file target-v3.txt (compact mmCIF, C-alpha atoms (C1' of nucleotides))
# COMPACT_ATOMS: atom_id res chain seq x y z
CA MET A 1 41.54 33.20 49.32
CA ARG A 2 39.93 32.66 52.70
CA GLN A 3 41.40 30.34 55.33
CA ASN A 4 38.78 29.57 57.98
CA PRO A 5 38.99 25.74 58.00
CA ALA A 6 35.61 25.08 59.59
CA ARG A 7 33.85 27.17 57.00
CA ARG A 8 35.85 25.56 54.23
CA ALA A 9 34.85 22.11 55.46
CA ALA A 10 31.22 23.17 55.68
CA LEU A 11 31.37 24.39 52.09
CA LEU A 12 32.91 21.11 50.97
CA ASP A 13 30.26 19.11 52.77
CA ALA A 14 27.66 21.25 51.06
CA ALA A 15 29.37 20.55 47.74
CA ILE A 16 29.08 16.82 48.41
CA GLU A 17 25.35 17.19 48.96
CA VAL A 18 24.94 19.25 45.81
CA LEU A 19 26.96 16.79 43.76
CA ALA A 20 24.87 13.88 44.97
CA ARG A 21 21.55 15.63 44.55
CA GLU A 22 22.06 17.56 41.35
CA GLY A 23 25.09 16.01 39.76
CA ALA A 24 28.18 17.61 38.31
CA ARG A 25 25.90 19.74 36.19
CA GLY A 26 24.42 21.40 39.22
CA LEU A 27 27.68 22.01 41.05
CA THR A 28 28.26 25.74 40.94
CA PHE A 29 29.67 28.13 43.48
CA ARG A 30 26.26 29.62 43.97
CA ALA A 31 24.64 26.24 44.55
CA VAL A 32 27.27 25.46 47.17
CA ASP A 33 26.63 28.80 48.82
CA ALA A 34 22.92 28.11 48.94
CA GLU A 35 23.35 24.56 50.25
CA ALA A 36 25.73 25.69 52.97
CA GLY A 37 23.40 28.53 53.90
CA VAL A 38 26.06 31.18 53.47
CA PRO A 39 25.83 34.41 51.50
CA VAL A 40 26.26 34.44 47.76
CA GLY A 41 29.90 34.68 46.78
CA THR A 42 31.37 32.83 49.74
CA ALA A 43 32.43 29.77 47.78
CA THR A 44 34.05 32.08 45.26
CA ASN A 45 36.20 33.43 48.06
CA TYR A 46 37.29 29.97 49.18
CA PHE A 47 38.03 28.25 45.89
CA SER A 48 39.85 29.78 43.00
CA SER A 49 38.13 27.57 40.44
CA ARG A 50 35.60 24.83 40.04
CA ASP A 51 38.50 22.47 39.41
CA GLU A 52 40.05 23.20 42.74
CA LEU A 53 36.69 22.78 44.41
CA LEU A 54 36.38 19.29 42.94
CA VAL A 55 39.83 18.24 44.08
CA GLN A 56 39.16 19.51 47.57
CA VAL A 57 35.86 17.67 47.65
CA GLY A 58 37.82 14.51 46.93
CA HIS A 59 40.10 15.19 49.86
CA ARG A 60 37.19 16.00 52.08
CA TYR A 61 35.37 12.78 51.25
CA TYR A 62 38.31 10.68 52.34
CA GLU A 63 38.83 12.87 55.36
CA ARG A 64 35.31 11.97 56.42
CA LEU A 65 35.72 8.31 55.56
CA GLU A 66 37.95 7.62 58.52
CA PRO A 67 38.36 3.88 59.01
CA ASP A 68 35.73 2.90 61.48
CA ALA A 69 37.36 1.80 64.73
CA ASP A 70 34.23 -0.04 65.81
CA LEU A 71 34.15 -2.15 62.69
CA ILE A 72 37.79 -3.12 63.13
CA ALA A 73 37.24 -3.96 66.76
CA ASP A 74 34.28 -6.13 65.76
CA ALA A 75 36.45 -7.98 63.30
CA LEU A 76 38.90 -8.87 66.03
CA SER A 77 36.38 -10.09 68.55
CA GLY A 78 34.67 -13.46 68.67
CA PRO A 79 35.28 -16.41 66.35
CA ARG A 80 37.24 -15.78 63.15
CA ASP A 81 35.02 -17.65 60.74
CA ARG A 82 33.09 -17.00 57.57
CA ASP A 83 29.98 -15.90 59.39
CA ARG A 84 32.00 -13.16 60.97
CA VAL A 85 33.16 -12.03 57.56
CA THR A 86 29.57 -12.00 56.33
CA GLU A 87 28.54 -9.92 59.28
CA LEU A 88 31.39 -7.52 58.68
CA MET A 89 30.55 -7.12 55.01
CA ARG A 90 26.91 -6.47 55.82
CA GLY A 91 28.07 -3.80 58.20
CA ILE A 92 30.27 -2.16 55.62
CA VAL A 93 27.59 -2.24 52.93
CA GLU A 94 25.12 -0.77 55.35
CA ARG A 95 27.51 1.93 56.46
CA VAL A 96 28.46 3.00 52.96
CA THR A 97 24.87 2.92 51.75
CA THR A 98 23.87 5.17 54.61
CA PHE A 99 26.31 7.84 53.48
CA ARG A 100 24.42 7.92 50.20
CA SER A 101 25.33 11.44 49.23
CA GLY A 102 29.01 10.77 49.81
CA TYR A 103 29.00 7.67 47.67
CA LEU A 104 27.12 9.33 44.84
CA ALA A 105 29.38 12.37 45.01
CA LEU A 106 32.39 10.10 44.78
CA LEU A 107 30.94 8.48 41.67
CA GLU A 108 30.50 11.90 40.13
CA LEU A 109 34.12 12.65 40.99
CA ARG A 110 35.21 9.38 39.40
CA LEU A 111 33.51 10.36 36.17
CA GLU A 112 34.94 13.86 36.37
CA SER A 113 38.39 12.41 36.94
CA THR A 114 38.22 11.06 33.42
CA ARG A 115 38.89 14.60 32.31
CA ARG A 116 40.98 15.90 35.22
CA PRO A 117 44.39 14.34 35.74
CA GLU A 118 44.90 15.95 39.13
CA LEU A 119 41.64 14.54 40.41
CA ARG A 120 42.37 11.15 38.92
CA GLU A 121 45.71 10.97 40.63
CA LEU A 122 44.21 11.89 43.97
CA LEU A 123 41.40 9.36 43.71
CA SER A 124 43.69 6.61 42.46
CA LYS A 125 45.96 7.04 45.44
CA ARG A 126 43.13 7.12 47.92
CA VAL A 127 41.27 4.16 46.47
CA ARG A 128 44.43 2.10 46.30
CA ALA A 129 45.38 3.06 49.85
CA ASP A 130 41.92 2.18 51.08
CA LEU A 131 42.07 -1.19 49.39
CA ASP A 132 45.56 -1.90 50.75
CA PHE A 133 44.43 -0.90 54.19
CA ASN A 134 41.57 -3.36 54.01
CA ILE A 135 43.82 -6.11 52.76
CA ARG A 136 46.38 -5.61 55.50
CA ASN A 137 43.67 -5.41 58.07
CA HIS A 138 42.03 -8.56 56.90
CA GLU A 139 45.28 -10.47 56.84
CA GLU A 140 46.17 -9.36 60.32
CA SER A 141 42.75 -10.10 61.72
CA GLY A 142 43.07 -13.85 61.35
CA LEU A 143 39.85 -14.00 59.42
CA PRO A 144 39.64 -16.57 56.63
CA GLY A 145 40.65 -15.41 53.14
CA ASP A 146 43.68 -13.79 51.56
CA ALA A 147 44.38 -10.59 49.64
CA THR A 148 42.53 -11.82 46.58
CA THR A 149 39.48 -12.54 48.70
CA VAL A 150 39.42 -8.95 49.83
CA VAL A 151 39.82 -7.64 46.29
CA VAL A 152 36.97 -9.75 44.94
CA LEU A 153 34.75 -8.73 47.83
CA TYR A 154 35.67 -5.12 47.17
CA LEU A 155 34.68 -5.44 43.53
CA ALA A 156 31.40 -7.26 44.01
CA LEU A 157 30.14 -5.26 46.98
CA ASN A 158 30.98 -1.93 45.44
CA TRP A 159 28.87 -2.66 42.41
CA LEU A 160 26.13 -3.99 44.64
CA ILE A 161 26.09 -0.67 46.46
CA LEU A 162 26.15 1.27 43.21
CA GLU A 163 23.23 -0.77 41.92
CA ARG A 164 21.34 -0.23 45.11
CA LEU A 165 21.88 3.51 45.09
CA THR A 166 21.24 4.17 41.41
CA LEU A 167 18.75 1.50 40.31
CA PRO A 168 17.19 0.15 43.49
CA ASP A 169 14.61 -1.87 41.58
CA VAL A 170 17.18 -4.22 40.08
CA PHE A 171 17.82 -5.93 43.41
CA PRO A 172 14.89 -5.59 45.82
CA GLU A 173 15.90 -3.99 49.09
CA GLU A 174 14.92 -7.02 51.17
CA GLU A 175 17.25 -9.27 49.17
CA ILE A 176 20.37 -7.18 49.74
CA ASP A 177 21.41 -8.95 52.92
CA ASP A 178 20.98 -12.35 51.31
CA LEU A 179 22.97 -11.17 48.32
CA VAL A 180 25.84 -10.09 50.52
CA THR A 181 25.73 -13.48 52.21
CA GLU A 182 25.81 -15.25 48.88
CA VAL A 183 28.72 -13.16 47.66
CA VAL A 184 30.74 -14.03 50.75
CA GLU A 185 29.79 -17.69 50.43
CA ARG A 186 30.99 -17.84 46.87
CA VAL A 187 34.13 -15.86 47.36
CA LEU A 188 35.06 -17.63 50.58
CA PRO A 189 34.48 -21.37 50.11
CA SER A 190 33.33 -23.21 53.21
CA ARG A 191 36.49 -25.27 53.49
CA ALA A 192 38.13 -22.03 54.51
CA ALA A 193 35.39 -21.21 56.94
CA ARG A 194 37.06 -22.49 60.06
CA MET B 195 9.61 17.03 15.60
CA ARG B 196 11.70 15.42 12.86
CA GLN B 197 11.42 11.75 12.02
CA ASN B 198 14.42 10.65 9.96
CA PRO B 199 15.52 7.59 11.98
CA ALA B 200 19.07 7.42 10.63
CA ARG B 201 19.72 11.00 11.56
CA ARG B 202 18.12 10.52 14.95
CA ALA B 203 20.37 7.53 15.62
CA ALA B 204 23.41 9.48 14.51
CA LEU B 205 22.50 12.27 16.92
CA LEU B 206 22.06 9.78 19.76
CA ASP B 207 25.42 8.19 19.01
CA ALA B 208 26.94 11.64 19.07
CA ALA B 209 25.23 12.26 22.40
CA ILE B 210 26.87 9.10 23.79
CA GLU B 211 30.28 10.38 22.77
CA VAL B 212 29.62 13.78 24.28
CA LEU B 213 28.37 12.24 27.52
CA ALA B 214 31.45 10.05 27.81
CA ARG B 215 33.90 12.77 26.92
CA GLU B 216 32.44 15.80 28.66
CA GLY B 217 29.97 14.37 31.12
CA ALA B 218 26.39 15.31 31.80
CA ARG B 219 27.55 18.87 32.24
CA GLY B 220 28.69 19.08 28.66
CA LEU B 221 25.64 17.48 27.13
CA THR B 222 23.81 20.26 25.32
CA PHE B 223 21.91 20.32 22.06
CA ARG B 224 24.66 22.36 20.50
CA ALA B 225 27.38 19.98 21.63
CA VAL B 226 25.45 17.09 20.11
CA ASP B 227 25.07 19.03 16.88
CA ALA B 228 28.79 19.71 16.76
CA GLU B 229 29.72 16.12 17.57
CA ALA B 230 27.39 14.75 14.93
CA GLY B 231 28.66 17.25 12.40
CA VAL B 232 25.22 18.62 11.62
CA PRO B 233 24.11 22.23 11.55
CA VAL B 234 23.35 24.08 14.73
CA GLY B 235 19.77 23.54 15.83
CA THR B 236 19.34 20.05 14.46
CA ALA B 237 19.20 18.34 17.84
CA THR B 238 16.65 20.91 18.92
CA ASN B 239 14.45 19.76 16.08
CA TYR B 240 14.75 16.11 17.05
CA PHE B 241 14.30 16.25 20.80
CA SER B 242 11.77 18.36 22.58
CA SER B 243 13.88 18.60 25.73
CA ARG B 244 17.14 17.54 27.28
CA ASP B 245 15.18 15.04 29.34
CA GLU B 246 13.84 13.33 26.30
CA LEU B 247 17.29 13.26 24.78
CA LEU B 248 18.62 11.42 27.83
CA VAL B 249 15.88 8.83 27.77
CA GLN B 250 16.41 8.21 24.09
CA VAL B 251 20.15 7.86 24.65
CA GLY B 252 19.32 5.12 27.13
CA HIS B 253 17.24 3.33 24.54
CA ARG B 254 19.94 3.78 21.95
CA TYR B 255 22.65 2.33 24.14
CA TYR B 256 20.73 -0.89 24.62
CA GLU B 257 19.81 -0.95 20.98
CA ARG B 258 23.52 -1.02 20.20
CA LEU B 259 24.29 -3.53 22.90
CA GLU B 260 22.76 -6.42 21.01
CA PRO B 261 23.71 -9.72 22.62
CA ASP B 262 26.76 -10.89 20.80
CA ALA B 263 25.96 -14.03 18.80
CA ASP B 264 29.64 -14.94 18.56
CA LEU B 265 30.12 -14.90 22.30
CA ILE B 266 27.11 -17.13 22.80
CA ALA B 267 28.31 -19.52 20.13
CA ASP B 268 31.69 -19.65 21.83
CA ALA B 269 30.06 -20.55 25.09
CA LEU B 270 28.36 -23.52 23.52
CA SER B 271 31.41 -24.92 21.78
CA GLY B 272 34.16 -27.04 23.31
CA PRO B 273 34.35 -28.29 26.86
CA ARG B 274 31.99 -26.78 29.43
CA ASP B 275 34.45 -26.21 32.22
CA ARG B 276 35.71 -23.40 34.34
CA ASP B 277 38.43 -22.43 31.91
CA ARG B 278 35.75 -21.83 29.34
CA VAL B 279 33.93 -19.54 31.73
CA THR B 280 37.15 -17.64 32.39
CA GLU B 281 37.70 -17.22 28.70
CA LEU B 282 34.15 -16.02 28.23
CA MET B 283 34.42 -13.49 31.03
CA ARG B 284 37.66 -12.15 29.64
CA GLY B 285 35.91 -11.74 26.32
CA ILE B 286 33.03 -9.87 27.88
CA VAL B 287 35.29 -7.60 29.91
CA GLU B 288 37.31 -6.86 26.83
CA ARG B 289 34.27 -6.18 24.71
CA VAL B 290 32.66 -3.82 27.19
CA THR B 291 35.92 -2.02 27.87
CA THR B 292 36.36 -1.44 24.18
CA PHE B 293 33.04 0.38 23.98
CA ARG B 294 34.47 2.81 26.50
CA SER B 295 32.30 5.76 25.56
CA GLY B 296 29.16 3.66 25.80
CA TYR B 297 30.01 2.40 29.24
CA LEU B 298 30.90 5.83 30.56
CA ALA B 299 27.77 7.32 29.04
CA LEU B 300 25.70 4.65 30.74
CA LEU B 301 27.30 5.53 34.07
CA GLU B 302 26.38 9.15 33.50
CA LEU B 303 22.84 8.04 32.77
CA ARG B 304 22.78 5.98 35.94
CA LEU B 305 23.69 9.02 37.97
CA GLU B 306 21.18 11.14 36.10
CA SER B 307 18.52 8.53 36.73
CA THR B 308 18.77 9.39 40.41
CA ARG B 309 16.81 12.51 39.54
CA ARG B 310 14.72 11.27 36.61
CA PRO B 311 12.13 8.59 37.35
CA GLU B 312 11.44 7.91 33.70
CA LEU B 313 15.10 7.25 33.03
CA ARG B 314 15.42 5.14 36.15
CA GLU B 315 12.54 2.96 35.13
CA LEU B 316 13.96 2.42 31.69
CA LEU B 317 17.42 1.56 32.94
CA SER B 318 16.12 -0.71 35.68
CA LYS B 319 14.15 -2.72 33.18
CA ARG B 320 17.03 -3.00 30.76
CA VAL B 321 19.64 -3.90 33.35
CA ARG B 322 17.39 -6.48 34.91
CA ALA B 323 16.53 -7.95 31.52
CA ASP B 324 20.19 -8.09 30.58
CA LEU B 325 21.04 -9.88 33.80
CA ASP B 326 18.17 -12.34 33.40
CA PHE B 327 19.23 -12.98 29.86
CA ASN B 328 22.73 -13.82 31.00
CA ILE B 329 21.45 -16.07 33.76
CA ARG B 330 19.18 -18.00 31.43
CA ASN B 331 21.90 -18.26 28.88
CA HIS B 332 24.39 -19.54 31.37
CA GLU B 333 22.00 -22.10 32.75
CA GLU B 334 21.14 -23.40 29.31
CA SER B 335 24.74 -23.50 28.18
CA GLY B 336 25.69 -26.34 30.50
CA LEU B 337 28.56 -24.32 31.89
CA PRO B 338 29.35 -24.79 35.58
CA GLY B 339 27.65 -22.42 38.01
CA ASP B 340 24.11 -21.35 38.80
CA ALA B 341 22.14 -18.09 38.81
CA THR B 342 23.99 -16.81 41.84
CA THR B 343 27.30 -17.42 40.13
CA VAL B 344 26.24 -15.21 37.28
CA VAL B 345 25.06 -12.47 39.61
CA VAL B 346 28.30 -12.45 41.58
CA LEU B 347 30.34 -12.41 38.38
CA TYR B 348 28.15 -9.57 37.12
CA LEU B 349 28.81 -7.55 40.25
CA ALA B 350 32.55 -8.08 40.46
CA LEU B 351 33.35 -7.68 36.78
CA ASN B 352 31.25 -4.55 36.40
CA TRP B 353 33.17 -2.80 39.12
CA LEU B 354 36.41 -4.07 37.67
CA ILE B 355 35.49 -2.44 34.37
CA LEU B 356 34.44 0.76 36.09
CA GLU B 357 37.71 0.86 37.97
CA ARG B 358 39.63 0.24 34.80
CA LEU B 359 37.83 2.97 32.88
CA THR B 360 37.82 5.64 35.57
CA LEU B 361 40.95 5.00 37.67
CA PRO B 362 43.21 2.80 35.53
CA ASP B 363 46.11 3.15 37.95
CA VAL B 364 44.37 1.22 40.71
CA PHE B 365 44.70 -2.07 38.87
CA PRO B 366 47.57 -2.07 36.37
CA GLU B 367 46.42 -2.90 32.87
CA GLU B 368 48.58 -6.01 32.62
CA GLU B 369 46.97 -7.51 35.72
CA ILE B 370 43.42 -7.26 34.47
CA ASP B 371 43.38 -10.67 32.82
CA ASP B 372 44.77 -12.31 35.93
CA LEU B 373 42.22 -10.50 38.03
CA VAL B 374 39.39 -11.81 35.90
CA THR B 375 40.83 -15.29 36.26
CA GLU B 376 41.02 -14.93 40.02
CA VAL B 377 37.47 -13.67 40.22
CA VAL B 378 36.19 -16.67 38.30
CA GLU B 379 38.32 -19.02 40.41
CA ARG B 380 36.89 -17.66 43.61
CA VAL B 381 33.33 -17.47 42.46
CA LEU B 382 33.41 -20.86 40.78
CA PRO B 383 35.21 -23.31 43.09
CA SER B 384 37.25 -25.98 41.33
CA ARG B 385 35.01 -28.81 42.53
CA ALA B 386 32.43 -27.41 40.12
CA ALA B 387 34.94 -27.08 37.33
CA ARG B 388 34.13 -30.33 35.57
C1' DA C 389 6.00 18.55 -17.80
C1' DA C 390 4.46 21.83 -14.57
C1' DT C 391 2.78 22.65 -10.21
C1' DG C 392 1.65 21.90 -5.46
C1' DT C 393 2.57 20.01 -0.97
C1' DA C 394 4.81 17.94 2.92
C1' DG C 395 8.67 16.97 5.34
C1' DT C 396 13.13 18.07 6.34
C1' DA C 397 17.70 20.76 6.39
C1' DC C 398 19.68 24.72 7.54
C1' DT C 399 20.46 29.63 9.25
C1' DA C 400 20.00 33.64 11.98
C1' DC C 401 18.20 36.05 15.52
C1' DA C 402 16.08 37.07 20.00
C1' DT C 403 15.58 35.81 24.51
C1' DA C 404 16.76 34.31 28.73
C1' DT C 405 19.27 32.57 32.23
C1' DG C 406 22.55 32.33 35.40
C1' DA C 407 27.45 31.95 36.49
C1' DA C 408 31.57 34.13 37.89
C1' DG C 409 34.22 38.14 39.00
C1' DT C 410 34.90 42.74 41.22
C1' DG C 411 34.67 46.27 44.35
C1' DG C 412 33.10 47.99 48.33
C1' DT C 413 31.16 48.18 53.12
C1' DG C 414 30.61 46.41 57.60
C1' DT C 415 32.39 43.81 61.63
C1' DC C 416 35.32 41.77 64.90
C1' DA C 417 39.59 40.74 67.17
C1' DA C 418 44.45 41.27 67.84
C1' DT D 419 44.38 50.94 63.95
C1' DT D 420 44.97 47.29 61.18
C1' DG D 421 44.03 42.98 58.98
C1' DA D 422 41.16 39.14 57.95
C1' DC D 423 36.90 37.81 57.06
C1' DA D 424 31.61 38.10 56.19
C1' DC D 425 28.49 39.90 53.40
C1' DC D 426 26.19 42.35 49.48
C1' DA D 427 25.31 44.78 44.95
C1' DC D 428 26.38 45.20 40.50
C1' DT D 429 28.65 44.16 36.04
C1' DT D 430 30.20 41.27 32.72
C1' DC D 431 30.12 37.45 30.19
C1' DA D 432 28.98 33.23 28.12
C1' DT D 433 26.02 30.14 26.42
C1' DA D 434 21.70 27.56 26.11
C1' DT D 435 17.47 27.38 24.02
C1' DG D 436 13.42 28.61 21.28
C1' DT D 437 11.49 30.63 17.27
C1' DA D 438 10.86 32.04 12.86
C1' DG D 439 11.77 31.91 8.34
C1' DT D 440 14.09 30.28 4.04
C1' DA D 441 15.81 26.65 1.07
C1' DC D 442 15.84 22.19 -0.58
C1' DT D 443 14.09 17.52 -1.93
C1' DA D 444 10.80 13.99 -2.95
C1' DC D 445 6.60 12.75 -4.08
C1' DA D 446 1.87 13.32 -5.67
C1' DT D 447 -1.47 15.65 -8.56
C1' DT D 448 -3.12 17.46 -12.64
call {"tool": "encode", "arguments": {"input": "target-v3.txt", "output": "structure tokens"}}
result
Amino acid sequence: MRQNPARRAALLDAAIEVLAREGARGLTFRAVDAEAGVPVGTATNYFSSRDELLVQVGHRYYERLEPDADLIADALSGPRDRDRVTELMRGIVERVTTFRSGYLALLELRLESTRRPELRELLSKRVRADLDFNIRNHEESGLPGDATTVVVLYLALNWLILERLTLPDVFPEEEIDDLVTEVVERVLPSRAAR
Amino acid sequence: MRQNPARRAALLDAAIEVLAREGARGLTFRAVDAEAGVPVGTATNYFSSRDELLVQVGHRYYERLEPDADLIADALSGPRDRDRVTELMRGIVERVTTFRSGYLALLELRLESTRRPELRELLSKRVRADLDFNIRNHEESGLPGDATTVVVLYLALNWLILERLTLPDVFPEEEIDDLVTEVVERVLPSRAAR
DNA sequence: AATGTAGTACTACATATGAAGTGGTGTCAA
DNA sequence: TTGACACCACTTCATATGTAGTACTACATT
């Protein structure tokens, strides 16, 4: 079992790309090797099984999904009203959509986790932690809305992103921003918009 | 290419189970044969390729997802207030969750559709039609809320179901009903609850 | 009633593909 | 010199799929 962390990370990033592009079906050691541009057999040396590869991909995804300091800073500057929240949500949706391969890979992992307890546990913890982090952050920011607001936004926007990435024709691209606005408007009534 | 429609449907139902249980990776002609309890080679005789099998599974899913007459009748009986909407949404969430294998299979298809234009087109049409159907229905029912309400509910509740089916530990089972209630409360402000 | 025909069910085999493991060689740095 | 890693060739293994052929059933024809 090889140790070189940079190479390991590169292999995991390659695995994310493969997962997104070819699905769980296409994720093989050899495909990862090819994607990473390393010689055949390298991935075999770094991961003892496909299972372990999947779990490590999960870790790697969240390692890359560091909370964005800029976004948090934005949230804390200027007026704390609903428009700010809308802006923030647009930013998040945009940011997540841009990391398309990561999001799709994570969906593949979610489906895989149905059959892999270890993976499920890892993802559950990470997702929950991410959600809690967002809730705490929101509450401390002084922005309108409570924990439930954040949860409902989390739910609606995640599916919006999924829809956008898997069936882009359902909601035309140019309507996405308006949709985000509408979601925020509904979830955060104007009386709370001060 | 065999014709027997009953047998074809049985094979497609088996394919849905296989997709849900073993993922796209496990979906092979042989696995479908085994699941359907028919002799080896049968699926081969009914589908010219794995691609065609996937597309037909998509059709089959929506064939089985007939709009539920009971649910619609429920919507039209009694008072048309927010509590009714909450009740309805709980019913829908429950119904979809119960057809676990179907929902998971559809998610697999969504991910597959990333790589298969024919599948993507089919799913886009169906999803859009389903959404439009729900919007029209809601508007005609006299229940509070407009088209946007339905869209936002669609988004939030779909992800809630996905979360529940893939990472059940994120939202404890006993909180699901309350969560649905909260979603409806946020999306449908009380001033519109008459 | 006997026979023919078409469609389907089933089985077995042949082919092909490619995935993973293993062992070995080369290379670099401590 | 030794140890860790990069790289490569080859073997093994599993399994997916296609094909070909036989058996069965229903229906039509005579």
call {"tool": "residues_around", "arguments": {"input": "target-v3.txt", "residues": "DT410 of chain C", "least_positions_apart": "6", "cutoff": "10 Å", "atoms": "all atoms listed in the file", "output": "NGL selection string"}}
result
:D and (428-430)
call {"tool": "atom_distance", "arguments": {"input": "target-v3.txt", "atom1": "atom CA of Glu17 of chain A", "atom2": "atom CA of Glu118 of chain A"}}
result
21.9 Å
call {"tool": "residues_around", "arguments": {"input": "target-v3.txt", "residues": "segment 104-117 of chain A", "least_positions_apart": "4", "cutoff": "10 Å", "atoms": "only C-alpha atoms (C1' of nucleotides)", "output": "VMD selection string"}}
result
(chain A and resid 15 to 25 51 54 to 55 57 to 58 61 to 62 97 99 to 100 121 to 124 162 165 to 166) or (chain B and resid 214 to 219 298 to 299 301 to 302 305 308 356 to 357 359 to 362)
call {"tool": "residues_around", "arguments": {"input": "target-v3.txt", "residues": "Val96 of chain A", "least_positions_apart": "5", "cutoff": "12 Å", "atoms": "all atoms listed in the file", "output": "VMD selection string"}}
result
chain A and resid 64 to 68 89 to 91 101 to 104 106 157 to 162 164 to 165
call {"tool": "write_last_selection", "arguments": {"input": "target-v3.txt", "atoms": "C-alpha atoms", "output": "PDB file, in the frame of the given file"}}
result
ATOM      1  CA  ARG A  64      35.310  11.970  56.420  1.00  0.00           C
ATOM      2  CA  LEU A  65      35.720   8.310  55.560  1.00  0.00           C
ATOM      3  CA  GLU A  66      37.950   7.620  58.520  1.00  0.00           C
ATOM      4  CA  PRO A  67      38.360   3.880  59.010  1.00  0.00           C
ATOM      5  CA  ASP A  68      35.730   2.900  61.480  1.00  0.00           C
ATOM      6  CA  MET A  89      30.550  -7.120  55.010  1.00  0.00           C
ATOM      7  CA  ARG A  90      26.910  -6.470  55.820  1.00  0.00           C
ATOM      8  CA  GLY A  91      28.070  -3.800  58.200  1.00  0.00           C
ATOM      9  CA  SER A 101      25.330  11.440  49.230  1.00  0.00           C
ATOM     10  CA  GLY A 102      29.010  10.770  49.810  1.00  0.00           C
ATOM     11  CA  TYR A 103      29.000   7.670  47.670  1.00  0.00           C
ATOM     12  CA  LEU A 104      27.120   9.330  44.840  1.00  0.00           C
ATOM     13  CA  LEU A 106      32.390  10.100  44.780  1.00  0.00           C
ATOM     14  CA  LEU A 157      30.140  -5.260  46.980  1.00  0.00           C
ATOM     15  CA  ASN A 158      30.980  -1.930  45.440  1.00  0.00           C
ATOM     16  CA  TRP A 159      28.870  -2.660  42.410  1.00  0.00           C
ATOM     17  CA  LEU A 160      26.130  -3.990  44.640  1.00  0.00           C
ATOM     18  CA  ILE A 161      26.090  -0.670  46.460  1.00  0.00           C
ATOM     19  CA  LEU A 162      26.150   1.270  43.210  1.00  0.00           C
ATOM     20  CA  ARG A 164      21.340  -0.230  45.110  1.00  0.00           C
ATOM     21  CA  LEU A 165      21.880   3.510  45.090  1.00  0.00           C
TER      22      LEU A 165
END
call {"tool": "closest_atom_pairs", "arguments": {"input": "target-v3.txt", "of": "chain C", "to": "chain A", "cutoff": "12 Å", "atoms": "all atoms listed in the file", "output": "JSON lines"}}
result
{"residue": "C:DG406", "atom": "C1'", "partner": "A:Arg30", "partner_atom": "CA", "distance": 9.7}
{"residue": "C:DA407", "atom": "C1'", "partner": "A:Thr28", "partner_atom": "CA", "distance": 7.7}
{"residue": "C:DA408", "atom": "C1'", "partner": "A:Thr44", "partner_atom": "CA", "distance": 8.0}
{"residue": "C:DG409", "atom": "C1'", "partner": "A:Thr44", "partner_atom": "CA", "distance": 8.7}
{"residue": "C:DT410", "atom": "C1'", "partner": "A:Gly41", "partner_atom": "CA", "distance": 11.0}
call {"tool": "interface_residues", "arguments": {"input": "target-v3.txt", "of": "chain A", "to": "chain D", "cutoff": "10 Å", "atoms": "all atoms listed in the file", "output": "list in words"}}
result
Arg2, Gln3, Asn4, Val38, Pro39, Val40, Gly41 and Thr42 of chain A
call {"tool": "closest_residue", "arguments": {"input": "target-v3.txt", "among": "A:Glu140, A:Glu175, A:Asp83, A:Asp169", "to": "chain B", "atoms": "all atoms listed in the file"}}
result
A:Asp169
call {"tool": "residues_around", "arguments": {"input": "target-v3.txt", "residues": "Gly37 of chain A", "least_positions_apart": "5", "cutoff": "10 Å", "atoms": "only C-alpha atoms (C1' of nucleotides)", "output": "mmCIF file with C-alpha atoms, in the coordinates of the input"}}
result
data_model
loop_
_atom_site.group_PDB
_atom_site.id
_atom_site.type_symbol
_atom_site.label_atom_id
_atom_site.label_comp_id
_atom_site.auth_asym_id
_atom_site.auth_seq_id
_atom_site.Cartn_x
_atom_site.Cartn_y
_atom_site.Cartn_z
ATOM 1 C CA ALA A 10 31.220 23.170 55.680
ATOM 2 C CA LEU A 11 31.370 24.390 52.090
ATOM 3 C CA ALA A 14 27.660 21.250 51.060
ATOM 4 C CA ALA A 31 24.640 26.240 44.550
ATOM 5 C CA VAL A 32 27.270 25.460 47.170
ATOM 6 C CA THR A 42 31.370 32.830 49.740
#
call {"tool": "closest_residue", "arguments": {"input": "target-v3.txt", "among": "A:Leu179, A:Val184, A:Ala129, A:Ala156", "to": "chain B", "atoms": "all atoms listed in the file"}}
result
A:Ala156
call {"tool": "closest_residue", "arguments": {"input": "target-v3.txt", "among": "B:Asp326, B:Asp371, B:Glu229, B:Asp207", "to": "chain A", "atoms": "all atoms listed in the file"}}
result
B:Asp326
call {"tool": "atom_distance", "arguments": {"input": "target-v3.txt", "atom1": "atom CA of Arg380 of chain B", "atom2": "atom CA of Val187 of chain A"}}
result
5.0 Å
call {"tool": "axis_aligned_box", "arguments": {"input": "target-v3.txt", "around": "segment 422-440 of chain D", "padding_each_side": "6 Å", "output": "AutoDock Vina command-line options"}}
result
--center_x 26.0 --center_y 36.3 --center_z 31.0 --size_x 42.3 --size_y 29.8 --size_z 65.9
